[in-house]
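J.: Have a peek at data-v2.pdb (PDB, C-alpha atoms and all ligand atoms).
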MODEL        1
ATOM      1  CA  MET A   3     -53.052 -67.486  10.357
ATOM      2  CA  ASP A   4     -50.197 -69.465  11.872
ATOM      3  CA  ALA A   5     -49.102 -68.485  15.362
ATOM      4  CA  PRO A   6     -45.856 -66.522  15.264
ATOM      5  CA  THR A   7     -42.946 -68.875  15.713
ATOM      6  CA  GLU A   8     -40.078 -68.277  18.085
ATOM      7  CA  PRO A   9     -36.801 -67.448  16.338
ATOM      8  CA  PRO A  10     -34.479 -70.455  16.249
ATOM      9  CA  PRO A  11     -32.106 -70.592  19.215
ATOM     10  CA  ARG A  12     -28.869 -68.808  18.613
ATOM     11  CA  GLN A  13     -26.429 -71.239  17.084
ATOM     12  CA  ARG A  14     -23.270 -69.221  16.786
ATOM     13  CA  ARG A  15     -21.226 -66.814  18.840
ATOM     14  CA  GLY A  16     -21.428 -63.129  17.910
ATOM     15  CA  LEU A  17     -18.604 -61.465  16.008
ATOM     16  CA  LEU A  18     -16.876 -58.224  16.914
ATOM     17  CA  ILE A  19     -16.162 -56.750  13.473
ATOM     18  CA  VAL A  20     -13.594 -53.945  13.494
ATOM     19  CA  LEU A  21     -13.197 -51.605  10.525
ATOM     20  CA  SER A  22     -10.219 -49.226  10.604
ATOM     21  CA  SER A  23      -8.618 -46.969   8.004
ATOM     22  CA  PRO A  24      -7.017 -43.581   7.654
ATOM     23  CA  SER A  25      -9.586 -40.802   7.814
ATOM     24  CA  GLY A  26     -11.434 -40.487   4.491
ATOM     25  CA  ALA A  27     -10.759 -43.993   3.126
ATOM     26  CA  GLY A  28     -14.427 -44.973   3.475
ATOM     27  CA  LYS A  29     -15.121 -46.661   6.868
ATOM     28  CA  THR A  30     -18.308 -44.722   7.537
ATOM     29  CA  THR A  31     -19.645 -45.323   4.023
ATOM     30  CA  ILE A  32     -18.938 -49.062   4.129
ATOM     31  CA  SER A  33     -20.258 -49.389   7.705
ATOM     32  CA  ARG A  34     -23.590 -47.744   6.835
ATOM     33  CA  ARG A  35     -24.056 -49.949   3.780
ATOM     34  CA  LEU A  36     -23.164 -53.078   5.739
ATOM     35  CA  LEU A  37     -25.703 -52.248   8.463
ATOM     36  CA  GLU A  38     -28.424 -51.588   5.864
ATOM     37  CA  ALA A  39     -27.693 -54.915   4.181
ATOM     38  CA  ASP A  40     -27.484 -57.079   7.295
ATOM     39  CA  PRO A  41     -29.919 -56.720  10.217
ATOM     40  CA  ASP A  42     -27.875 -59.176  12.310
ATOM     41  CA  ILE A  43     -25.168 -56.548  12.694
ATOM     42  CA  ALA A  44     -25.463 -53.724  15.240
ATOM     43  CA  MET A  45     -23.234 -50.632  15.245
ATOM     44  CA  SER A  46     -21.180 -49.736  18.278
ATOM     45  CA  VAL A  47     -21.777 -45.994  18.679
ATOM     46  CA  SER A  48     -18.728 -44.368  20.257
ATOM     47  CA  ALA A  49     -18.626 -41.401  22.570
ATOM     48  CA  THR A  50     -16.398 -38.527  21.442
ATOM     49  CA  THR A  51     -15.323 -35.066  22.529
ATOM     50  CA  ARG A  52     -14.971 -34.036  18.851
ATOM     51  CA  PRO A  53     -17.512 -31.415  17.697
ATOM     52  CA  LYS A  54     -20.423 -32.689  15.608
ATOM     53  CA  ARG A  55     -20.004 -32.349  11.823
ATOM     54  CA  PRO A  56     -22.812 -31.050   9.618
ATOM     55  CA  GLY A  57     -25.115 -33.987   8.866
ATOM     56  CA  GLU A  58     -24.019 -36.084  11.841
ATOM     57  CA  VAL A  59     -26.754 -37.310  14.156
ATOM     58  CA  GLU A  60     -26.418 -37.598  17.943
ATOM     59  CA  GLY A  61     -26.687 -41.253  18.974
ATOM     60  CA  ARG A  62     -26.339 -42.552  15.409
ATOM     61  CA  ASP A  63     -22.861 -41.318  14.443
ATOM     62  CA  TYR A  64     -21.508 -40.614  17.907
ATOM     63  CA  ILE A  65     -22.564 -39.737  21.416
ATOM     64  CA  PHE A  66     -21.171 -36.189  21.539
ATOM     65  CA  VAL A  67     -19.954 -35.250  25.014
ATOM     66  CA  ASP A  68     -17.731 -32.603  26.565
ATOM     67  CA  ASP A  69     -14.416 -33.342  28.258
ATOM     68  CA  ALA A  70     -15.906 -33.510  31.743
ATOM     69  CA  ALA A  71     -18.583 -36.021  30.701
ATOM     70  CA  PHE A  72     -15.999 -38.134  28.880
ATOM     71  CA  GLN A  73     -13.809 -38.119  32.002
ATOM     72  CA  ARG A  74     -16.781 -39.227  34.131
ATOM     73  CA  MET A  75     -17.319 -42.138  31.732
ATOM     74  CA  ILE A  76     -13.647 -43.132  32.096
ATOM     75  CA  ASP A  77     -13.842 -42.849  35.891
ATOM     76  CA  GLY A  78     -17.023 -44.936  35.919
ATOM     77  CA  SER A  79     -15.315 -47.706  33.864
ATOM     78  CA  GLU A  80     -17.969 -47.252  31.183
ATOM     79  CA  PHE A  81     -15.628 -47.897  28.229
ATOM     80  CA  VAL A  82     -14.395 -51.168  26.752
ATOM     81  CA  GLU A  83     -11.592 -49.044  25.298
ATOM     82  CA  TRP A  84     -10.863 -45.392  24.644
ATOM     83  CA  ALA A  85      -8.073 -43.461  22.931
ATOM     84  CA  PRO A  86      -7.003 -39.939  21.948
ATOM     85  CA  VAL A  87      -7.271 -39.323  18.177
ATOM     86  CA  PHE A  88      -6.629 -36.013  16.349
ATOM     87  CA  GLY A  89      -6.599 -34.120  19.659
ATOM     88  CA  TYR A  90     -10.001 -35.416  20.826
ATOM     89  CA  ARG A  91     -11.015 -38.473  22.864
ATOM     90  CA  TYR A  92     -13.041 -41.377  21.490
ATOM     91  CA  GLY A  93     -14.369 -44.383  23.422
ATOM     92  CA  THR A  94     -16.485 -47.502  23.008
ATOM     93  CA  PRO A  95     -19.208 -47.754  25.684
ATOM     94  CA  LYS A  96     -19.514 -51.222  27.244
ATOM     95  CA  GLY A  97     -23.295 -51.368  27.535
ATOM     96  CA  ALA A  98     -24.229 -51.495  23.849
ATOM     97  CA  VAL A  99     -21.606 -54.127  23.073
ATOM     98  CA  LYS A 100     -22.896 -56.429  25.804
ATOM     99  CA  GLN A 101     -26.515 -55.857  24.771
ATOM    100  CA  ALA A 102     -25.861 -56.642  21.090
ATOM    101  CA  LEU A 103     -24.037 -59.854  21.906
ATOM    102  CA  ARG A 104     -26.801 -60.834  24.372
ATOM    103  CA  ASP A 105     -29.374 -60.211  21.621
ATOM    104  CA  GLY A 106     -27.463 -62.594  19.383
ATOM    105  CA  ARG A 107     -26.170 -59.928  16.997
ATOM    106  CA  ASP A 108     -22.732 -59.209  15.636
ATOM    107  CA  ILE A 109     -21.345 -55.789  16.390
ATOM    108  CA  LEU A 110     -19.442 -53.418  14.116
ATOM    109  CA  PHE A 111     -16.772 -51.019  15.410
ATOM    110  CA  ASP A 112     -15.416 -48.018  13.474
ATOM    111  CA  ILE A 113     -12.364 -47.481  15.686
ATOM    112  CA  ASP A 114      -8.667 -46.779  15.188
ATOM    113  CA  TRP A 115      -5.661 -49.078  15.658
ATOM    114  CA  GLN A 116      -5.293 -48.158  19.348
ATOM    115  CA  GLY A 117      -8.884 -49.185  20.046
ATOM    116  CA  THR A 118      -8.455 -52.353  18.000
ATOM    117  CA  GLN A 119      -5.467 -53.398  20.113
ATOM    118  CA  GLN A 120      -7.366 -52.773  23.351
ATOM    119  CA  LEU A 121     -10.478 -54.580  22.122
ATOM    120  CA  LYS A 122      -8.341 -57.532  21.034
ATOM    121  CA  ALA A 123      -6.839 -57.711  24.526
ATOM    122  CA  ALA A 124     -10.263 -57.471  26.204
ATOM    123  CA  MET A 125     -12.459 -59.607  23.913
ATOM    124  CA  GLY A 126     -10.115 -60.989  21.259
ATOM    125  CA  GLU A 127     -11.534 -64.431  20.627
ATOM    126  CA  ASP A 128     -14.379 -63.320  18.394
ATOM    127  CA  LEU A 129     -12.761 -60.222  16.932
ATOM    128  CA  VAL A 130     -12.485 -59.923  13.156
ATOM    129  CA  SER A 131     -10.308 -57.014  12.088
ATOM    130  CA  ILE A 132     -10.444 -55.347   8.670
ATOM    131  CA  PHE A 133      -8.268 -52.465   7.474
ATOM    132  CA  LEU A 134      -9.331 -50.334   4.516
ATOM    133  CA  LEU A 135      -6.694 -48.693   2.336
ATOM    134  CA  PRO A 136      -7.356 -45.871  -0.119
ATOM    135  CA  PRO A 137      -6.299 -46.507  -3.739
ATOM    136  CA  SER A 138      -3.732 -43.658  -3.444
ATOM    137  CA  MET A 139      -2.895 -40.719  -1.171
ATOM    138  CA  GLU A 140      -4.188 -38.330  -3.868
ATOM    139  CA  GLU A 141      -7.538 -40.128  -3.860
ATOM    140  CA  LEU A 142      -7.609 -40.056  -0.047
ATOM    141  CA  GLU A 143      -7.229 -36.273  -0.075
ATOM    142  CA  ARG A 144      -9.816 -35.974  -2.835
ATOM    143  CA  ARG A 145     -12.311 -37.965  -0.707
ATOM    144  CA  LEU A 146     -11.666 -35.845   2.394
ATOM    145  CA  ARG A 147     -12.315 -32.701   0.324
ATOM    146  CA  ALA A 148     -15.337 -34.200  -1.433
ATOM    147  CA  ARG A 149     -16.906 -35.092   1.934
ATOM    148  CA  GLY A 150     -17.052 -31.347   2.586
ATOM    149  CA  THR A 151     -17.109 -31.665   6.378
ATOM    150  CA  ASP A 152     -13.634 -30.485   7.367
ATOM    151  CA  SER A 153     -11.662 -27.249   7.028
ATOM    152  CA  ASP A 154      -8.398 -27.136   5.039
ATOM    153  CA  SER A 155      -6.365 -27.284   8.250
ATOM    154  CA  VAL A 156      -8.278 -30.332   9.557
ATOM    155  CA  ILE A 157      -7.822 -32.043   6.176
ATOM    156  CA  SER A 158      -4.119 -31.314   6.126
ATOM    157  CA  ASP A 159      -3.809 -32.653   9.713
ATOM    158  CA  ARG A 160      -5.625 -35.871   8.682
ATOM    159  CA  MET A 161      -3.390 -36.241   5.600
ATOM    160  CA  THR A 162      -0.283 -35.754   7.766
ATOM    161  CA  ARG A 163      -1.448 -38.554  10.067
ATOM    162  CA  ALA A 164      -2.610 -40.893   7.311
ATOM    163  CA  ALA A 165       0.780 -42.549   6.770
ATOM    164  CA  ALA A 166       1.090 -43.282  10.506
ATOM    165  CA  GLU A 167      -2.414 -44.836  10.522
ATOM    166  CA  ILE A 168      -1.623 -46.903   7.443
ATOM    167  CA  SER A 169       1.565 -48.228   9.091
ATOM    168  CA  HIS A 170      -0.680 -50.340  11.370
ATOM    169  CA  TRP A 171      -2.103 -52.441   8.526
ATOM    170  CA  PRO A 172      -0.068 -55.577   9.440
ATOM    171  CA  GLU A 173      -1.932 -55.801  12.783
ATOM    172  CA  TYR A 174      -5.201 -56.552  10.939
ATOM    173  CA  GLU A 175      -6.400 -59.930   9.633
ATOM    174  CA  TYR A 176      -7.909 -58.563   6.417
ATOM    175  CA  VAL A 177      -6.678 -55.637   4.329
ATOM    176  CA  LEU A 178      -8.857 -54.305   1.488
ATOM    177  CA  VAL A 179      -8.329 -51.482  -0.990
ATOM    178  CA  ASN A 180     -11.493 -49.389  -1.235
ATOM    179  CA  HIS A 181     -11.441 -48.618  -4.969
ATOM    180  CA  ASP A 182     -15.153 -48.934  -5.395
ATOM    181  CA  VAL A 183     -17.866 -48.959  -2.688
ATOM    182  CA  GLU A 184     -19.881 -51.873  -4.127
ATOM    183  CA  THR A 185     -16.841 -54.144  -4.543
ATOM    184  CA  CYS A 186     -15.474 -53.270  -1.127
ATOM    185  CA  LEU A 187     -18.875 -53.870   0.500
ATOM    186  CA  GLN A 188     -19.138 -57.294  -1.165
ATOM    187  CA  GLN A 189     -15.657 -58.164   0.098
ATOM    188  CA  VAL A 190     -16.533 -57.152   3.656
ATOM    189  CA  ARG A 191     -19.760 -59.186   3.462
ATOM    190  CA  ALA A 192     -17.812 -62.218   2.204
ATOM    191  CA  ILE A 193     -15.424 -61.939   5.173
ATOM    192  CA  VAL A 194     -18.342 -61.716   7.628
ATOM    193  CA  ALA A 195     -20.077 -64.706   6.019
ATOM    194  CA  ALA A 196     -16.956 -66.869   6.203
ATOM    195  CA  GLU A 197     -16.133 -65.841   9.776
ATOM    196  CA  ARG A 198     -19.658 -66.743  10.906
ATOM    197  CA  LEU A 199     -19.179 -70.231   9.489
ATOM    198  CA  LYS A 200     -15.948 -71.008  11.356
ATOM    199  CA  LYS A 201     -16.453 -74.216  13.278
ATOM    200  CA  ASP A 202     -15.531 -72.755  16.668
ATOM    201  CA  ARG A 203     -18.290 -70.164  16.280
ATOM    202  CA  GLN A 204     -21.031 -72.704  15.568
ATOM    203  CA  THR A 205     -22.145 -73.571  19.063
ATOM    204  CA  ASN A 206     -24.463 -76.383  17.982
ATOM    205  CA  LEU A 207     -21.929 -78.235  15.861
ATOM    206  CA  VAL A 208     -20.926 -80.980  18.302
ATOM    207  CA  ALA A 209     -24.569 -81.869  19.020
ATOM    208  CA  SER A 210     -25.473 -81.729  15.310
ATOM    209  CA  VAL A 211     -22.644 -84.020  14.285
ATOM    210  CA  ARG A 212     -23.506 -86.437  17.135
ATOM    211  CA  ALA A 213     -27.119 -86.514  15.972
ATOM    212  CA  LEU A 214     -25.952 -87.008  12.384
ATOM    213  CA  THR A 215     -23.774 -89.970  13.183
ATOM    214  CA  GLY A 216     -26.051 -91.382  15.898
ATOM    215  CA  GLN A 217     -23.366 -91.284  18.607
TER     216      GLN A 217
HETATM  217  N1  LIG A 301     -10.081 -46.031  19.737
HETATM  218  C1  LIG A 301     -11.205 -45.514  19.234
HETATM  219  N2  LIG A 301     -11.181 -44.885  18.038
HETATM  220  C2  LIG A 301     -12.348 -44.411  17.563
HETATM  221  C3  LIG A 301     -13.568 -44.561  18.249
HETATM  222  N3  LIG A 301     -14.548 -43.976  17.506
HETATM  223  C4  LIG A 301     -13.960 -43.497  16.400
HETATM  224  N4  LIG A 301     -12.630 -43.752  16.417
HETATM  225  C5  LIG A 301     -11.624 -43.418  15.391
HETATM  226  O1  LIG A 301     -11.280 -42.054  15.482
HETATM  227  C6  LIG A 301     -10.833 -41.608  14.200
HETATM  228  C7  LIG A 301     -11.461 -40.290  13.848
HETATM  229  O2  LIG A 301     -12.835 -40.466  13.638
HETATM  230  P1  LIG A 301     -13.712 -39.274  13.051
HETATM  231  O3  LIG A 301     -13.410 -38.026  13.800
HETATM  232  O4  LIG A 301     -15.132 -39.715  12.979
HETATM  233  O5  LIG A 301     -13.086 -39.053  11.595
HETATM  234  P2  LIG A 301     -13.203 -39.905  10.238
HETATM  235  O6  LIG A 301     -12.344 -41.135  10.402
HETATM  236  O7  LIG A 301     -12.650 -38.939   9.239
HETATM  237  O8  LIG A 301     -14.641 -40.214  10.001
HETATM  238  C8  LIG A 301     -11.159 -42.743  13.215
HETATM  239  O9  LIG A 301      -9.955 -43.467  12.969
HETATM  240  C9  LIG A 301     -12.136 -43.597  13.971
HETATM  241  O10 LIG A 301     -12.071 -44.950  13.571
HETATM  242  C10 LIG A 301     -13.551 -45.239  19.512
HETATM  243  O11 LIG A 301     -14.556 -45.426  20.187
HETATM  244  N5  LIG A 301     -12.361 -45.690  19.943
HETATM  245  N1  LIG A 302     -14.900 -46.232  -2.938
HETATM  246  C1  LIG A 302     -15.148 -44.910  -2.919
HETATM  247  N2  LIG A 302     -15.035 -44.202  -4.061
HETATM  248  C2  LIG A 302     -15.272 -42.869  -4.048
HETATM  249  N3  LIG A 302     -15.628 -42.153  -2.958
HETATM  250  C3  LIG A 302     -15.748 -42.818  -1.780
HETATM  251  C4  LIG A 302     -15.510 -44.235  -1.701
HETATM  252  N4  LIG A 302     -15.711 -44.620  -0.425
HETATM  253  C5  LIG A 302     -16.054 -43.504   0.263
HETATM  254  N5  LIG A 302     -16.081 -42.423  -0.549
HETATM  255  C6  LIG A 302     -16.368 -41.007  -0.203
HETATM  256  O1  LIG A 302     -15.210 -40.510   0.462
HETATM  257  C7  LIG A 302     -15.573 -39.638   1.537
HETATM  258  C8  LIG A 302     -14.969 -40.176   2.857
HETATM  259  O2  LIG A 302     -15.631 -41.390   3.183
HETATM  260  P1  LIG A 302     -16.026 -41.766   4.688
HETATM  261  O3  LIG A 302     -16.844 -42.988   4.607
HETATM  262  O4  LIG A 302     -16.563 -40.574   5.397
HETATM  263  O5  LIG A 302     -14.549 -42.120   5.264
HETATM  264  P2  LIG A 302     -14.042 -42.410   6.761
HETATM  265  O6  LIG A 302     -15.231 -42.799   7.586
HETATM  266  O7  LIG A 302     -13.053 -43.516   6.616
HETATM  267  O8  LIG A 302     -13.394 -41.145   7.241
HETATM  268  C9  LIG A 302     -17.103 -39.559   1.553
HETATM  269  O9  LIG A 302     -17.496 -38.396   0.868
HETATM  270  C10 LIG A 302     -17.527 -40.824   0.796
HETATM  271  O10 LIG A 302     -18.747 -40.644   0.133
ENDMDL
END
What do you get writing this file as structure tokens?
Ligand SMILES: Nc1nc2c(ncn2[C@@H]2O[C@H](COP(=O)(O)OP(=O)(O)O)[C@@H](O)[C@H]2O)c(=O)[nH]1
Ligand SMILES: Nc1ncnc2c1ncn2[C@@H]1O[C@H](COP(=O)(O)OP(=O)(O)O)[C@@H](O)[C@H]1O
T.:
Amino acid sequence: MDAPTEPPPRQRRGLLIVLSSPSGAGKTTISRRLLEADPDIAMSVSATTRPKRPGEVEGRDYIFVDDAAFQRMIDGSEFVEWAPVFGYRYGTPKGAVKQALRDGRDILFDIDWQGTQQLKAAMGEDLVSIFLLPPSMEELERRLRARGTDSDSVISDRMTRAAAEISHWPEYEYVLVNHDVETCLQQVRAIVAAERLKKDRQTNLVASVRALTGQ
């Protein structure tokens, strides 16, 4: 049997892929499918003070913490960004982001527009931002109800805030309508593929072209 070969040296810079949308438009669904389809992408797992929903898994969906623990993380400068959303606090821990980029992986963020702005300011060069729209407000409400994780009052709060969330779409580079999961997933994968190929992200390009032309 051949000796195992070393993986080729990393030849591109890692992407920070941000997916935002109003609650219920499909970020979690698209994120999970993208991660299953592409092992080069790691998920940034946020910390939150929001209570766990049925079916959510600690450490996979969120790191669930109380207010005091969240405050300690802020005081310890453990977040790349954090923001209040729907009366709770949500934040992106620094450690996992650094580790994924060190390991040569892209990293996916399911964060809101406030987090996207902060991440852009902190690490903007390799950020790719995608906003998902629902096909209609009626369909958005239908999806929130179909998910079966929130009470009527939580759903009505999320619907009230949806228009404000949607108003941030112009701040994103790509805007997709999530009519159908498969189509939307293919569109997100096409964006990721094209962004990886941008010349500034291919760290070996100058040397390769020199070798090609013998200069
Ligand atoms: N700024 C920021 N927003 C986050 C973070 N994690 C999640 N969010 C956003 O918080 C909002 C509420 O998330 P969640 O309670 O899971 O509800 P969902 O959008 O209905 O799944 C969504 O817009 C998320 O994108 C984070 O670390 N930072
Ligand atoms: N394109 C789609 N068509 C129909 N239902 C969808 C679609 N995308 C997501 N859903 C469903 O809508 C609900 C909300 O999706 P979710 O991914 O939890 O949204 P978000 O993370 O943006 O809050 C879930 O029940 C999910 O299965």
J.: List the residues matched by the PyMOL selection byres (((not hetatm)) within 8 of (chain A and resi 301)) in the displayed structure as an NGL selection string, ordered by chain and then by residue number.
T.: :A and (21-27 or 29-30 or 47-50 or 52 or 64 or 83-88 or 91-95 or 111-118 or 146 or 160)
J.: Hey, can you spit out that residue selection with C-alpha atoms as an mmCIF file, in the frame of the given file?
T.:
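Printed below is again.cif as written:
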data_model
loop_
_atom_site.group_PDB
_atom_site.id
_atom_site.type_symbol
_atom_site.label_atom_id
_atom_site.label_comp_id
_atom_site.auth_asym_id
_atom_site.auth_seq_id
_atom_site.Cartn_x
_atom_site.Cartn_y
_atom_site.Cartn_z
ATOM 1 C CA LEU A 21 -13.197 -51.605 10.525
ATOM 2 C CA SER A 22 -10.219 -49.226 10.604
ATOM 3 C CA SER A 23 -8.618 -46.969 8.004
ATOM 4 C CA PRO A 24 -7.017 -43.581 7.654
ATOM 5 C CA SER A 25 -9.586 -40.802 7.814
ATOM 6 C CA GLY A 26 -11.434 -40.487 4.491
ATOM 7 C CA ALA A 27 -10.759 -43.993 3.126
ATOM 8 C CA LYS A 29 -15.121 -46.661 6.868
ATOM 9 C CA THR A 30 -18.308 -44.722 7.537
ATOM 10 C CA VAL A 47 -21.777 -45.994 18.679
ATOM 11 C CA SER A 48 -18.728 -44.368 20.257
ATOM 12 C CA ALA A 49 -18.626 -41.401 22.570
ATOM 13 C CA THR A 50 -16.398 -38.527 21.442
ATOM 14 C CA ARG A 52 -14.971 -34.036 18.851
ATOM 15 C CA TYR A 64 -21.508 -40.614 17.907
ATOM 16 C CA GLU A 83 -11.592 -49.044 25.298
ATOM 17 C CA TRP A 84 -10.863 -45.392 24.644
ATOM 18 C CA ALA A 85 -8.073 -43.461 22.931
ATOM 19 C CA PRO A 86 -7.003 -39.939 21.948
ATOM 20 C CA VAL A 87 -7.271 -39.323 18.177
ATOM 21 C CA PHE A 88 -6.629 -36.013 16.349
ATOM 22 C CA ARG A 91 -11.015 -38.473 22.864
ATOM 23 C CA TYR A 92 -13.041 -41.377 21.490
ATOM 24 C CA GLY A 93 -14.369 -44.383 23.422
ATOM 25 C CA THR A 94 -16.485 -47.502 23.008
ATOM 26 C CA PRO A 95 -19.208 -47.754 25.684
ATOM 27 C CA PHE A 111 -16.772 -51.019 15.410
ATOM 28 C CA ASP A 112 -15.416 -48.018 13.474
ATOM 29 C CA ILE A 113 -12.364 -47.481 15.686
ATOM 30 C CA ASP A 114 -8.667 -46.779 15.188
ATOM 31 C CA TRP A 115 -5.661 -49.078 15.658
ATOM 32 C CA GLN A 116 -5.293 -48.158 19.348
ATOM 33 C CA GLY A 117 -8.884 -49.185 20.046
ATOM 34 C CA THR A 118 -8.455 -52.353 18.000
ATOM 35 C CA LEU A 146 -11.666 -35.845 2.394
ATOM 36 C CA ARG A 160 -5.625 -35.871 8.682
#
J.: Around ligand LIG 302 (chain A), out to 12 Å and counting only C-alpha atoms and all ligand atoms, which residues are there? I want them as a PyMOL selection string.
T.: chain A and resi 21-36+55+57-58+63+111-114+133-138+140-152+157+160-161+164+167-168+178-188
J.: Of the candidates A:Glu38, A:Asp68, A:Glu173, A:Glu60, which shows the shortest atom-to-atom distance to Lys122 (chain A), using all atoms listed in the file?
T.: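 The shortest atom-to-atom distance to Lys122 (chain A) comes from A:Glu173.
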J.: Check what the PyMOL selection byres (((chain A and resi 195-204) around 6) and not hetatm) selects in the file above and give those residues as a PyMOL selection string.
T.: chain A and resi 13-15+192-194+205-207
J.: Give the answer as one residue: which of A:Gln73, A:Lys100, A:Ser155, A:Ser169 has the shortest atom-to-atom distance to Met125 (chain A), using all atoms listed in the file?
T.: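 So, comparing all the options, the nearest one is A:Lys100.
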J.: Find, counting only C-alpha atoms, the residue in A:Ala39, A:Val59, A:Ile132, A:Glu127 that gets nearest to His170 (chain A).
T.: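 Nearest candidate to His170 (chain A) out of A:Ala39, A:Val59, A:Ile132, A:Glu127: A:Ile132.
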J.: Could you state the separation of CA of Tyr176 (chain A) and CA of Arg191 (chain A) in Å, given to one decimal place?
T.: 12.2 Å
J.: The centre and edge lengths of an axis-aligned box containing all atoms of region 136-153 of chain A present in the file, extended by 3 Å on each side, are to be given in Å to one decimal, as lines of an AutoDock Vina configuration file.
T.:
center_x = -10.0
center_y = -36.9
center_z = 1.7
size_x = 20.2
size_y = 25.3
size_z = 17.2
J.: Please, what distance in Å, to one decimal, runs between CA of Val67 (chain A) and CA of Asp108 (chain A)?
T.: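 Straight-line distance from CA of Val67 (chain A) to CA of Asp108 (chain A) works out to 25.9 Å.
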J.: Rounded to one decimal place, report the CA of Leu18 (chain A)-CA of Ile43 (chain A) distance in Å.
T.: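 Distance reported for this atom pair: 9.5 Å.
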J.: Select, from A:Ala213, A:Asp40, A:Gly89, A:Val190, the residue with the minimum atom-to-atom distance to Val130 (chain A), counting all atoms listed in the file.
T.: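 Nearest to Val130 (chain A): A:Val190.
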J.: Would you write out, as a compact mmCIF listing (two decimals) with C-alpha atoms, in the frame of the given file, every residue that the PyMOL selection byres (((chain A and resi 105) around 12) and not hetatm) captures in this file?
T.:
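Output file expr-v8.txt follows:
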# COMPACT_ATOMS: atom_id res chain seq x y z
CA PRO A 9 -36.80 -67.45 16.34
CA PRO A 11 -32.11 -70.59 19.22
CA ARG A 12 -28.87 -68.81 18.61
CA ARG A 14 -23.27 -69.22 16.79
CA ARG A 15 -21.23 -66.81 18.84
CA GLY A 16 -21.43 -63.13 17.91
CA PRO A 41 -29.92 -56.72 10.22
CA ASP A 42 -27.88 -59.18 12.31
CA ILE A 43 -25.17 -56.55 12.69
CA ALA A 44 -25.46 -53.72 15.24
CA ALA A 98 -24.23 -51.50 23.85
CA VAL A 99 -21.61 -54.13 23.07
CA LYS A 100 -22.90 -56.43 25.80
CA GLN A 101 -26.52 -55.86 24.77
CA ALA A 102 -25.86 -56.64 21.09
CA LEU A 103 -24.04 -59.85 21.91
CA ARG A 104 -26.80 -60.83 24.37
CA GLY A 106 -27.46 -62.59 19.38
CA ARG A 107 -26.17 -59.93 17.00
CA ASP A 108 -22.73 -59.21 15.64
CA ILE A 109 -21.34 -55.79 16.39
J.: When distances are computed from all atoms listed in the file, which of A:Asp154, A:Asp69, A:Asp128, A:Asp77 shows the smallest separation from Ile19 (chain A)?
T.: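 Checking each candidate against Ile19 (chain A), we get A:Asp128 as the closest.
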J.: Using all atoms listed in the file, find the one residue out of A:Thr162, A:Ser153, A:Ser46, A:Ser131 that sits nearest to Tyr174 (chain A).
T.: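 Of the candidates, the smallest distance to Tyr174 (chain A) is held by A:Ser131.
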J.: Using the incomplete input, complete region 77-88 of chain A to the level of N, CA and C atoms; output as a PDB file, in the coordinates of the input.
T.:
ATOM      1  N   ASP A  77     -13.909 -42.573  34.448  1.00  0.00           N
ATOM      2  CA  ASP A  77     -13.842 -42.849  35.891  1.00  0.00           C
ATOM      3  C   ASP A  77     -14.859 -43.913  36.307  1.00  0.00           C
ATOM      4  N   GLY A  78     -15.990 -43.953  35.601  1.00  0.00           N
ATOM      5  CA  GLY A  78     -17.023 -44.936  35.919  1.00  0.00           C
ATOM      6  C   GLY A  78     -16.803 -46.266  35.217  1.00  0.00           C
ATOM      7  N   SER A  79     -15.652 -46.459  34.597  1.00  0.00           N
ATOM      8  CA  SER A  79     -15.315 -47.706  33.864  1.00  0.00           C
ATOM      9  C   SER A  79     -16.393 -48.054  32.836  1.00  0.00           C
ATOM     10  N   GLU A  80     -16.886 -47.012  32.142  1.00  0.00           N
ATOM     11  CA  GLU A  80     -17.969 -47.252  31.183  1.00  0.00           C
ATOM     12  C   GLU A  80     -17.474 -47.644  29.798  1.00  0.00           C
ATOM     13  N   PHE A  81     -16.147 -47.584  29.571  1.00  0.00           N
ATOM     14  CA  PHE A  81     -15.628 -47.897  28.229  1.00  0.00           C
ATOM     15  C   PHE A  81     -14.965 -49.269  28.165  1.00  0.00           C
ATOM     16  N   VAL A  82     -15.173 -49.961  27.032  1.00  0.00           N
ATOM     17  CA  VAL A  82     -14.395 -51.168  26.752  1.00  0.00           C
ATOM     18  C   VAL A  82     -12.969 -50.734  26.403  1.00  0.00           C
ATOM     19  N   GLU A  83     -12.883 -49.623  25.670  1.00  0.00           N
ATOM     20  CA  GLU A  83     -11.592 -49.044  25.298  1.00  0.00           C
ATOM     21  C   GLU A  83     -11.832 -47.573  24.993  1.00  0.00           C
ATOM     22  N   TRP A  84     -10.783 -46.776  25.121  1.00  0.00           N
ATOM     23  CA  TRP A  84     -10.863 -45.392  24.644  1.00  0.00           C
ATOM     24  C   TRP A  84      -9.461 -44.948  24.252  1.00  0.00           C
ATOM     25  N   ALA A  85      -9.389 -43.918  23.402  1.00  0.00           N
ATOM     26  CA  ALA A  85      -8.073 -43.461  22.931  1.00  0.00           C
ATOM     27  C   ALA A  85      -8.167 -42.007  22.469  1.00  0.00           C
ATOM     28  N   PRO A  86      -7.038 -41.281  22.533  1.00  0.00           N
ATOM     29  CA  PRO A  86      -7.003 -39.939  21.948  1.00  0.00           C
ATOM     30  C   PRO A  86      -6.711 -40.035  20.454  1.00  0.00           C
ATOM     31  N   VAL A  87      -7.494 -39.335  19.629  1.00  0.00           N
ATOM     32  CA  VAL A  87      -7.271 -39.323  18.177  1.00  0.00           C
ATOM     33  C   VAL A  87      -7.472 -37.894  17.690  1.00  0.00           C
ATOM     34  N   PHE A  88      -6.533 -37.371  16.909  1.00  0.00           N
ATOM     35  CA  PHE A  88      -6.629 -36.013  16.349  1.00  0.00           C
ATOM     36  C   PHE A  88      -6.956 -34.968  17.410  1.00  0.00           C
TER      37      PHE A  88
END
